[in-house]
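A.B. asks: Quick one: structure below, then a few questions.
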Amino acid sequence: MEREDTDALAALGLTPEELEELGLDKPATGDPSELVDLYLRRSKKMEDLATLRRHLRDAVRWAHAEGLGIRHVWFEQRSASKQHIRRDEFENAKAAVLAGRSKCLAVWKTDRLDRRGMGAVGSLLDELDRRRARLVSITEGLDSSKGGRIVFAILSERAKDEAKDIALRVQTGLEAHRIIGRAPGGKPPYGVKHVGDGKVGPHPDEYPTARKIAEALLNGEAGTTVAHAMTREGARTRSGRHWSANAISRMAHSPLWAGLVPFRERQTDEYGNPVDKWGWKAEPLLDVEGKPVVCGTGVVSVTEWYAIRSLIAGRTVRGIKRGHGVRSAAKILTGILRCPHCKVGLVSGGESYRCRTRMEGGETACPGVRTSVARVDFVVGEMWVTHVSALEPDDPVLHEIGARWLAYQDPERAERKRHVGAALDDAERRLAELDDAYFVKGRMPEERYARISSALDDQISSLRTEMEELKRQTDLTPLLDGSLLAEAWHAATLADKRMLLRCAIDELVLLPSTGQGDRRPVRDRLHVKWLSVEPPSNTD
């Protein structure tokens with residue numbers, strides 16, 4: 001007759017001879033009070049199985065001394081400190097004891113049982129007491145049936161604190177390695193591999209395909225189009241599956257694809273406590289100067305990576321989600337032109353712009369509006385050229401339009417400007433805290449204050465200089481010539497036209513028609529809120 005825990009014992013690497021020596025080659029029989037369920041755990045696969053086999057031998061020795069038979073050995077690889085992780089074998093071990101199959105749940109040590117504190121261990125002890133069962137910690141000599149609850153409480157809380165210390169040490173180590181340019185663990189995106197010492201480099205087998213995908217994205221092709229092309233060519237993902245737009249988007253958004261160290265924001269619960277969940281989208285880790293930290297060579301350059309992200313974002317219609325990713329804009333004003341009732345961006349259906357809310361929810365959801373694509377696209381284009389070319393050269397609106405356009409044309413520069421701004425704000429904050437610590441609270445020696453403040457002053461000066469350089473505008477002459485502007489507009493691609501409109505228009509609403517066959521010019525049905533910039537106030 002075979003034991004129920006044969007698979008668990010095999011996972012521990014025990015030979016038939018060793019099982020026979022331990023008395024675990026046959027099922028244990030007897031009254032439930034003469035049986036014990038043993039729970040063994042390791043947090044990571046890299047932990048040595050020899051240690052767990054030693055735990056098992058200690059448990060067998062204790063069971064023989066107590067005159068008990070080990071009914072079942074429950075073994076799993078799971079963290080015991082994370083609330084969201086379900087430990088199936090632990091739950092099965094508890095269920096077996098609570099169901100009366102044995103009267104004892106044994107663990108090698110309290111921290112092997114649970115690291116969530118007395119709240120979790122205390123409720124388990126209450127359930128065991130109710131059924132006249134017990135919890136035993138073998139190496140600590142604790143038995144809940146002999147008045148060990150208080151000690152269990154202390155040890156379980158100590159295990160909880162130890163889990164926090166471990167997490168802190170691990171997190172500190174990871175952050176220290178990232179800031180010096182070492183990539184985190186885990187699988188890098190397609191086309192990239194770990195080359196040792198925390199660095200990444202091109203994967204020799206995957207790089208040609210990955211580079212082909214990158215060049216297609218840089219040429220403005222949509223992710224779906226690229227995925228279909230890769231499938232036709234017989235290319236497969238790392239797992240052997242067909243390429244999809246979603247897989248390409250995830251790969252292209254990974255900072256490691258450009259050889260940059262990724263960083264994900266950790267999420268918190270409703271009370272602000274960190275949980276073991278991170279944001280799905282990674283951003284490049286920035287150093288103290290606001291520059292992305294490099295950890296090797298990827299498939300694309302940093303400039304190409306920012307350009308690809310910008311192209312993908314430019315094709316996205318905000319708020320229109322589908323089962324297979326996010327749809328790209330098919331017309332110039334899709335998502336830009338809005339319904340006057342629900343304020344949702346219109347979508348193109350055939351040769352018309354229509355209210356999405358009306359299409360999806362019917363007349364009760366929104367009265368909706370509708371107009372011809374060709375007519376309104378032509379009129380809005382004329383309005384854009386006329387408005388922008390009429391602006392004075394020193395008009396701050398024109399310079400704001402130019403800044404937005406440059407952000408579209410040079411996404412790396414725009415992203416760098418954002419990074420420098422964040423680094424400058426952080427450096428100024430740290431300088432203010434330093435001044436407060438020295439002048440107000442008197443907690444810092446003068447020599448140390450002088451050294452640190454000098455370094456911060458140099459850093460702030462450098463960042464301000466770089467920010468001024470990044471703010472310098474290029475030649476805006478084409479934006480001031482109506483004919484040149486009209487030529488540029490007509491020659492622009494659909495994506496460029498959408499970007500140009502967003503540069504100058506804050507809001508574009510299609511007003512309702514007076515009825516079927518409304519003969520009013522389309523221009524009269526358009527409410528445009530052009531970009532405006534408040535002039536700086538002159539205050540003493």
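FYI, nothing fancy with the structure tokens labels: chains A, B, ... in order, residues from 1 per chain, ligands from 1 as they appear.
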If we count only C-alpha atoms, what is near A:Gly368 at a cut-off of 7 Å, once residues fewer than 6 positions away on the same chain are taken out, given as a ChimeraX atom specification?

C.D. replies: /A:339,341,355,358

A.B. asks: So which residues touch A:Val347 within 7 Å, counting only C-alpha atoms, skipping near sequence neighbours fewer than 2 positions away, as a list in words?

C.D. replies: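 Counting only the stated atoms, we get Thr334, Gly335, Gly345, Gly349, Tyr353, Arg354, Cys355 and Arg356 of chain A.
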
A.B. asks: Do a neighbour search on A:Gly220 at 10 Å with only C-alpha atoms, toss out local chain neighbours closer than 3 positions, and write the hits as a ChimeraX atom specification.

C.D. replies: /A:215-217,223,307-308,311-312,314-315,495

A.B. asks: Pull the alpha helix (DSSP H) assignments for stretch 27-151 of chain A out of DSSP run on the backbone, and list those residues as an NGL selection string.

C.D. replies: :A and (49-66 or 88-98 or 110-113 or 118-130 or 149-151)

A.B. asks: Which residues, written as a list in words, have at least one atom at most 9 Å from A:Leu526, with only C-alpha atoms counted and residues fewer than 5 positions away on the same chain left out?

C.D. replies: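 The filter keeps Val376, Val380, Leu508, Val509, Leu510 and Leu511 of chain A.
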
A.B. asks: Need to verify the contact set: A:Lys103, 6 Å, only C-alpha atoms, exclusion of same-chain residues closer than 2 positions in sequence. Can you return it as a ChimeraX atom specification?

C.D. replies: /A:32-33,97,133

A.B. asks: Of the candidates A:Trp257, A:Trp74, A:Tyr39, A:Trp62, which one gets nearest to A:Arg112 if we count only C-alpha atoms?

C.D. replies: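 Closest to A:Arg112, using only C-alpha atoms: A:Tyr39.
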